[in-house]
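Undergrad: If it helps, the file is called protein31.cif and holds mmCIF, C-alpha atoms and all ligand atoms:
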data_protein
loop_
_atom_site.label_atom_id
_atom_site.label_comp_id
_atom_site.auth_asym_id
_atom_site.auth_seq_id
_atom_site.Cartn_x
_atom_site.Cartn_y
_atom_site.Cartn_z
CA MET Q 584 -50.95 12.97 40.84
CA SER Q 585 -47.31 13.81 41.31
CA PRO Q 586 -45.94 12.26 44.47
CA VAL Q 587 -44.12 14.71 46.71
CA ALA Q 588 -40.59 13.49 47.16
CA GLN Q 589 -39.98 12.78 50.80
CA HIS Q 590 -36.53 12.88 52.23
CA HIS Q 591 -35.71 10.06 54.57
CA GLU Q 592 -32.73 10.49 56.85
CA ILE Q 593 -30.89 7.19 56.69
CA ARG Q 594 -28.08 7.14 59.23
CA SER Q 595 -28.09 3.50 60.27
CA GLY Q 596 -29.53 0.10 59.48
CA ALA Q 597 -32.22 0.82 62.07
CA ASP Q 598 -33.37 3.79 59.98
CA VAL Q 599 -33.59 1.55 56.90
CA LEU Q 600 -36.10 -0.67 58.72
CA ASP Q 601 -38.40 2.30 59.24
CA VAL Q 602 -38.75 3.59 55.68
CA SER Q 603 -41.37 1.15 54.40
CA PRO Q 604 -43.11 -2.09 55.44
CA VAL Q 605 -41.42 -3.83 52.50
CA ILE Q 606 -38.00 -3.46 50.91
CA PRO Q 607 -38.27 -4.65 47.29
CA VAL Q 608 -35.30 -6.83 46.38
CA VAL Q 609 -34.64 -6.23 42.72
CA VAL Q 610 -32.62 -7.80 39.91
CA VAL Q 611 -32.29 -5.65 36.78
CA GLU Q 612 -30.81 -6.59 33.43
CA SER Q 613 -30.06 -3.00 32.43
CA ALA Q 614 -29.43 0.28 34.21
CA GLU Q 615 -32.02 1.96 31.95
CA GLN Q 616 -34.76 -0.29 33.34
CA ALA Q 617 -33.93 0.65 36.89
CA VAL Q 618 -35.11 4.26 36.70
CA PRO Q 619 -38.71 3.68 35.51
CA LEU Q 620 -38.88 0.65 37.80
CA ALA Q 621 -37.89 2.73 40.83
CA GLN Q 622 -40.31 5.46 39.79
CA ALA Q 623 -43.14 2.89 39.63
CA LEU Q 624 -42.33 1.67 43.15
CA LEU Q 625 -42.32 5.26 44.37
CA ARG Q 626 -45.68 6.02 42.73
CA GLY Q 627 -47.08 2.93 44.46
CA GLY Q 628 -45.88 4.28 47.82
CA ILE Q 629 -42.62 2.35 48.33
CA PRO Q 630 -39.74 4.83 48.73
CA VAL Q 631 -36.95 2.28 49.12
CA ILE Q 632 -35.28 -0.19 46.77
CA GLU Q 633 -32.55 -2.80 47.19
CA ILE Q 634 -30.82 -3.31 43.86
CA THR Q 635 -28.82 -6.51 43.96
CA LEU Q 636 -25.42 -7.15 42.47
CA ARG Q 637 -26.79 -10.42 41.10
CA SER Q 638 -26.73 -8.98 37.60
CA GLU Q 639 -23.95 -7.22 35.73
CA ALA Q 640 -26.13 -4.12 35.52
CA GLY Q 641 -26.59 -3.85 39.28
CA LEU Q 642 -23.88 -1.30 39.97
CA ALA Q 643 -24.85 1.00 37.10
CA ALA Q 644 -28.49 0.65 38.11
CA ILE Q 645 -27.70 1.80 41.65
CA GLU Q 646 -25.91 4.82 40.22
CA ALA Q 647 -28.77 5.68 37.85
CA VAL Q 648 -31.43 5.49 40.56
CA ALA Q 649 -29.29 7.43 43.05
CA ASN Q 650 -28.81 10.21 40.50
CA GLU Q 651 -32.18 10.28 38.80
CA VAL Q 652 -34.95 9.21 41.17
CA GLU Q 653 -35.54 11.86 43.76
CA GLY Q 654 -37.10 10.65 46.96
CA MET Q 655 -36.01 7.02 46.49
CA VAL Q 656 -33.71 5.50 49.09
CA VAL Q 657 -31.45 3.18 47.13
CA GLY Q 658 -29.52 0.33 48.69
CA ALA Q 659 -27.16 -2.29 47.31
CA GLY Q 660 -28.03 -5.95 47.89
CA THR Q 661 -26.14 -9.21 47.50
CA VAL Q 662 -22.95 -7.48 48.58
CA LEU Q 663 -20.61 -10.44 49.05
CA THR Q 664 -17.04 -9.09 49.09
CA PRO Q 665 -15.08 -6.21 50.65
CA GLU Q 666 -14.32 -4.96 47.12
CA GLN Q 667 -18.00 -4.63 46.34
CA VAL Q 668 -18.49 -2.46 49.43
CA GLY Q 669 -16.27 0.24 47.92
CA GLN Q 670 -17.92 -0.14 44.53
CA VAL Q 671 -21.47 0.35 45.81
CA ARG Q 672 -20.43 3.30 47.96
CA ASP Q 673 -18.87 4.94 44.89
CA ALA Q 674 -22.04 4.23 42.89
CA GLY Q 675 -24.07 6.20 45.44
CA ALA Q 676 -25.75 3.44 47.45
CA GLN Q 677 -27.32 4.80 50.63
CA PHE Q 678 -27.24 1.47 52.44
CA ILE Q 679 -25.76 -2.01 52.10
CA VAL Q 680 -27.45 -5.38 52.49
CA THR Q 681 -25.51 -8.62 52.78
CA PRO Q 682 -26.98 -12.14 52.80
CA GLY Q 683 -24.47 -13.28 55.44
CA SER Q 684 -21.73 -11.74 57.53
CA PRO Q 685 -18.27 -13.29 57.20
CA PRO Q 686 -15.60 -11.34 59.10
CA ARG Q 687 -13.80 -9.52 56.25
CA LEU Q 688 -17.03 -8.47 54.59
CA LEU Q 689 -18.48 -7.30 57.89
CA GLU Q 690 -15.38 -5.29 58.68
CA ALA Q 691 -15.43 -3.58 55.28
CA ALA Q 692 -19.16 -2.89 55.42
CA VAL Q 693 -19.02 -1.43 58.94
CA GLY Q 694 -15.86 0.48 57.99
CA SER Q 695 -17.58 2.10 55.00
CA GLY Q 696 -19.76 4.07 57.37
CA LEU Q 697 -22.80 3.27 55.21
CA PRO Q 698 -25.97 2.13 56.96
CA LEU Q 699 -25.91 -1.65 56.95
CA LEU Q 700 -28.39 -4.51 57.10
CA ALA Q 701 -26.04 -7.43 57.52
CA GLY Q 702 -27.42 -10.92 57.10
CA ALA Q 703 -27.82 -13.41 59.95
CA GLY Q 704 -29.60 -16.75 60.03
CA THR Q 705 -28.77 -18.03 63.53
CA LEU Q 706 -28.60 -16.66 67.05
CA THR Q 707 -24.81 -16.82 67.11
CA GLU Q 708 -24.63 -14.79 63.89
CA MET Q 709 -27.16 -12.31 65.29
CA LEU Q 710 -25.15 -11.90 68.50
CA THR Q 711 -21.95 -11.52 66.49
CA LEU Q 712 -23.55 -8.59 64.67
CA ALA Q 713 -24.74 -7.16 67.98
CA GLU Q 714 -21.13 -7.32 69.23
CA ALA Q 715 -20.17 -5.23 66.20
CA GLY Q 716 -22.73 -2.64 67.27
CA LEU Q 717 -25.44 -3.67 64.81
CA THR Q 718 -28.85 -4.23 66.36
CA ALA Q 719 -30.87 -3.99 63.11
CA MET Q 720 -30.18 -6.78 60.64
CA LYS Q 721 -31.49 -8.95 57.84
CA PHE Q 722 -32.82 -12.40 58.80
CA PHE Q 723 -31.94 -14.57 55.82
CA PRO Q 724 -33.13 -16.94 54.45
CA ALA Q 725 -36.14 -16.23 56.62
CA GLU Q 726 -38.55 -19.06 55.82
CA ALA Q 727 -35.83 -21.69 55.44
CA SER Q 728 -34.17 -20.63 58.72
CA GLY Q 729 -37.25 -21.05 60.86
CA GLY Q 730 -39.44 -18.16 59.84
CA ARG Q 731 -41.72 -16.40 62.28
CA ALA Q 732 -41.36 -19.08 64.94
CA TYR Q 733 -37.60 -18.52 64.99
CA LEU Q 734 -37.87 -14.73 65.25
CA SER Q 735 -40.46 -14.99 68.00
CA SER Q 736 -38.10 -17.19 69.98
CA VAL Q 737 -35.23 -14.74 69.46
CA ALA Q 738 -37.34 -11.91 70.89
CA GLY Q 739 -37.23 -13.61 74.33
CA PRO Q 740 -33.50 -13.39 75.08
CA CYS Q 741 -32.76 -10.59 72.57
CA PRO Q 742 -35.59 -8.05 72.60
CA HIS Q 743 -33.12 -5.34 71.53
CA LEU Q 744 -32.52 -6.91 68.10
CA ARG Q 745 -34.71 -5.91 65.13
CA PHE Q 746 -35.00 -7.63 61.79
CA CYS Q 747 -35.82 -7.42 58.13
CA PRO Q 748 -36.76 -11.04 57.33
CA THR Q 749 -36.11 -11.86 53.67
CA GLY Q 750 -36.22 -15.05 51.64
CA GLY Q 751 -39.57 -16.76 51.19
CA VAL Q 752 -41.58 -13.74 52.34
CA THR Q 753 -44.76 -13.38 50.27
CA PRO Q 754 -47.83 -11.13 50.19
CA GLU Q 755 -49.57 -13.94 52.10
CA ASN Q 756 -47.17 -14.23 55.04
CA ALA Q 757 -45.75 -10.69 55.15
CA ARG Q 758 -48.42 -9.37 57.47
CA ASP Q 759 -47.71 -12.09 60.04
CA TYR Q 760 -44.01 -11.22 59.99
CA LEU Q 761 -44.80 -7.51 60.37
CA ALA Q 762 -46.95 -8.28 63.41
CA LEU Q 763 -43.90 -9.55 65.33
CA PRO Q 764 -42.47 -6.99 67.75
CA ASN Q 765 -38.91 -7.47 66.48
CA VAL Q 766 -39.69 -7.08 62.78
CA GLY Q 767 -39.22 -3.59 61.37
CA CYS Q 768 -39.95 -4.44 57.75
CA VAL Q 769 -39.68 -7.40 55.39
CA GLY Q 770 -37.73 -7.85 52.17
CA GLY Q 771 -38.95 -9.60 49.06
CA SER Q 772 -38.67 -10.00 45.34
CA TRP Q 773 -42.42 -10.35 44.67
CA LEU Q 774 -42.95 -6.65 43.89
CA THR Q 775 -40.79 -6.87 40.80
CA PRO Q 776 -41.56 -10.12 38.96
CA LYS Q 777 -39.01 -11.01 36.32
CA ASP Q 778 -41.51 -10.90 33.43
CA ALA Q 779 -42.93 -7.52 34.49
CA VAL Q 780 -39.42 -6.05 34.62
CA ALA Q 781 -38.47 -7.58 31.25
CA GLN Q 782 -41.64 -6.22 29.61
CA GLY Q 783 -41.40 -2.83 31.27
CA ASP Q 784 -44.82 -3.38 32.84
CA TRP Q 785 -44.46 -0.50 35.30
CA ALA Q 786 -48.21 -0.30 35.94
CA ARG Q 787 -48.14 -3.82 37.37
CA ILE Q 788 -45.17 -2.98 39.56
CA GLU Q 789 -46.88 0.19 40.78
CA SER Q 790 -49.93 -1.84 41.71
CA LEU Q 791 -47.87 -4.49 43.55
CA ALA Q 792 -46.09 -1.67 45.38
CA ALA Q 793 -49.38 -0.07 46.39
CA GLN Q 794 -50.58 -3.39 47.84
CA ALA Q 795 -47.29 -3.80 49.71
CA ALA Q 796 -47.39 -0.24 51.02
CA SER Q 797 -50.75 -0.91 52.62
CA LEU Q 798 -49.57 -4.04 54.44
CA ARG Q 799 -48.89 -2.34 57.73
CA SER Q 800 -51.94 -0.10 57.87
CA ALA Q 801 -54.72 -2.61 57.07
O1 LIG Y 1 -29.63 -11.39 47.06
C1 LIG Y 1 -29.46 -11.30 48.29
O2 LIG Y 1 -28.63 -10.57 48.82
C2 LIG Y 1 -30.27 -12.10 49.17
O3 LIG Y 1 -30.00 -12.14 50.31
C3 LIG Y 1 -31.38 -12.83 48.66
C4 LIG Y 1 -32.65 -12.05 48.46
O4 LIG Y 1 -32.89 -11.15 49.49
C5 LIG Y 1 -33.72 -13.04 48.37
O5 LIG Y 1 -33.41 -13.94 47.34
C6 LIG Y 1 -35.08 -12.51 48.15
O6 LIG Y 1 -35.88 -13.60 48.45
P1 LIG Y 1 -37.26 -13.90 47.78
O7 LIG Y 1 -38.18 -12.74 48.11
O8 LIG Y 1 -37.68 -15.18 48.43
O9 LIG Y 1 -37.02 -14.04 46.31
#
Let me see the file written as structure tokens.
TA:
Amino acid sequence: MSPVAQHHEIRSGADVLDVSPVIPVVVVESAEQAVPLAQALLRGGIPVIEITLRSEAGLAAIEAVANEVEGMVVGAGTVLTPEQVGQVRDAGAQFIVTPGSPPRLLEAAVGSGLPLLAGAGTLTEMLTLAEAGLTAMKFFPAEASGGRAYLSSVAGPCPHLRFCPTGGVTPENARDYLALPNVGCVGGSWLTPKDAVAQGDWARIESLAAQAASLRSA
């Protein structure tokens, strides 16, 4: 079966939340690994990937997936500095994810014009992002910052804010996050276990992706 490449229009962080129930957060040790890994996610039904800058290979991996994997929406994660914003844009990232939102980083990320999921862990941080015009954001670290109970409480005063909770999200609790009205999707590293990536076990990653893709429908 050859999956038909779908083209997702990603104009804002809000669009990023709508691509898939789960955004896989990925660490790769080589750019070569990233292409078959992204293809496995796509075959499993997950057309989005966040490649982090946690490894040296991150930037080259973003470039490889952007150039070689049709139908995959590729974002850059763990973007920590204004300099990295320019680097990931040049590599072809279609969106940016940050774990937190200090002022200089936020200014550079918003200024890049790339769709952005900026990180927030408290109401003040969330409202600071809203002041910058961002109503879709990453809730990080989700479980450690109060998890579903926290997001439910935020929905009262701030029903206009939508989130991608990440950090401690698992196949077991993902469905409960997705059931919240202010959760668009979740992020997590469980789709790409370190050993599966190291061994090139793409079949396992495809199967984890297929399970994740069905999270919203079942
Ligand atoms: O690297 C970043 O930019 C982050 O913000 C952290 C990642 O999103 C989480 O580490 C994923 O969390 P787990 O699914 O619990 O492994």
Undergrad: One decimal, Å: what's the distance from CA of Thr635 (chain Q) over to CA of Asn756 (chain Q), could you say?
TA: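 So the two atoms, CA of Thr635 (chain Q) and CA of Asn756 (chain Q), lie 22.8 Å apart.
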Undergrad: Provide the atom O4 of ligand LIG 1 (chain Y) to CA of Val610 (chain Q) distance in Å, to one decimal place.
TA: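 Between these atoms lies a distance of 10.2 Å.
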Undergrad: Which protein, DNA or RNA residues have an atom within 7 Å of ligand LIG 1 (chain Y), counting all atoms listed in the file, as a PyMOL selection string?
TA: chain Q and resi 608+635+637+660-662+680-682+723+749-753+770-773
Undergrad: Counting all atoms listed in the file, which residue out of Q:Leu697, Q:Ala597, Q:Ala727, Q:Ala617 sits closest to Leu744 (chain Q)?
TA: Q:Ala597
Undergrad: Taking the point (-46.1, -8.6, 54.6) as given in the file, collect each protein or nucleic acid residue that comes within 12 Å of it, counting all atoms listed in the file, and present the set as an MDAnalysis selection string.
TA: chainID Q and resid 603:607 731 747:749 751:763 766:774 791:792 794:801
Undergrad: Show me, as a PyMOL selection string, the residues that have an atom within 12 Å of Ile634 (chain Q) when counting all atoms listed in the file, minus same-chain residues fewer than 5 positions from it.
TA: chain Q and resi 606-614+616-618+620-621+639-649+655-662+671+674-681+770-772+775
Undergrad: Show me, as number ranges by chain, the residues that have an atom within 7 Å of Ala703 (chain Q) when counting only C-alpha atoms, minus same-chain residues fewer than 4 positions from it.
TA: Q: 683-684, 708-709, 721-723
Undergrad: Between CA of Ile593 (chain Q) and CA of Gly716 (chain Q), what is the distance, to one decimal in Å?
TA: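 CA of Ile593 (chain Q) sits 16.6 Å away from CA of Gly716 (chain Q).
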Undergrad: Of the candidates Q:Leu706, Q:Glu615, Q:Leu624, Q:Leu663, which one gets nearest to Ala781 (chain Q) if we count all atoms listed in the file?
TA: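 Ranking Q:Leu706, Q:Glu615, Q:Leu624, Q:Leu663 by distance to Ala781 (chain Q), first place goes to Q:Glu615.
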Undergrad: Nearest to Ile788 (chain Q) among Q:Gly729, Q:Gly694, Q:Gly628, Q:Pro665, with distances taken over only C-alpha atoms: which residue is it?
TA: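 For Ile788 (chain Q), the nearest of the candidates is Q:Gly628.
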Undergrad: So, with all atoms listed in the file as the atoms that count, which of Q:Gly669, Q:Arg745, Q:Asp598, Q:Val737 lies closest to Gly702 (chain Q)?
TA: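 Of all the options, Q:Arg745 lies closest to Gly702 (chain Q).
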Undergrad: Within 8 Å of Thr664 (chain Q), counting all atoms listed in the file, which residues show up once you throw out same-chain ones fewer than 3 positions away? Write them as a PyMOL selection string, please.
TA: chain Q and resi 667-668+687-688
Undergrad: Compare Q:Ala692, Q:Leu712, Q:Leu717, Q:Leu636 by their minimum atom-to-atom distance to Ser595 (chain Q), counting only C-alpha atoms, and give me the closest one.
TA: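 Of the candidates, the smallest distance to Ser595 (chain Q) is held by Q:Leu717.
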Undergrad: Give the answer as one residue: which of Q:Ala779, Q:Leu710, Q:Ala725, Q:Ala715 has the shortest atom-to-atom distance to Pro740 (chain Q), using all atoms listed in the file?
TA: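 For Pro740 (chain Q), the nearest of the given residues is Q:Leu710.
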Undergrad: Skip Gly596 (chain Q) itself and residues of its chain fewer than 6 positions away, then list as JSON, numbers by chain all residues within 8 Å of it, counting all atoms listed in the file.
TA: {"Q": [678, 698, 699, 700, 717, 719, 720]}
Undergrad: If the box runs along x, y and z of the file and leaves 8 Å on each side of region 721-737 of chain Q, what are its centre and edge lengths in Å, one decimal, as AutoDock Vina command-line options?
TA:
--center_x -36.6 --center_y -15.3 --center_z 62.2 --size_x 26.2 --size_y 28.7 --size_z 31.5
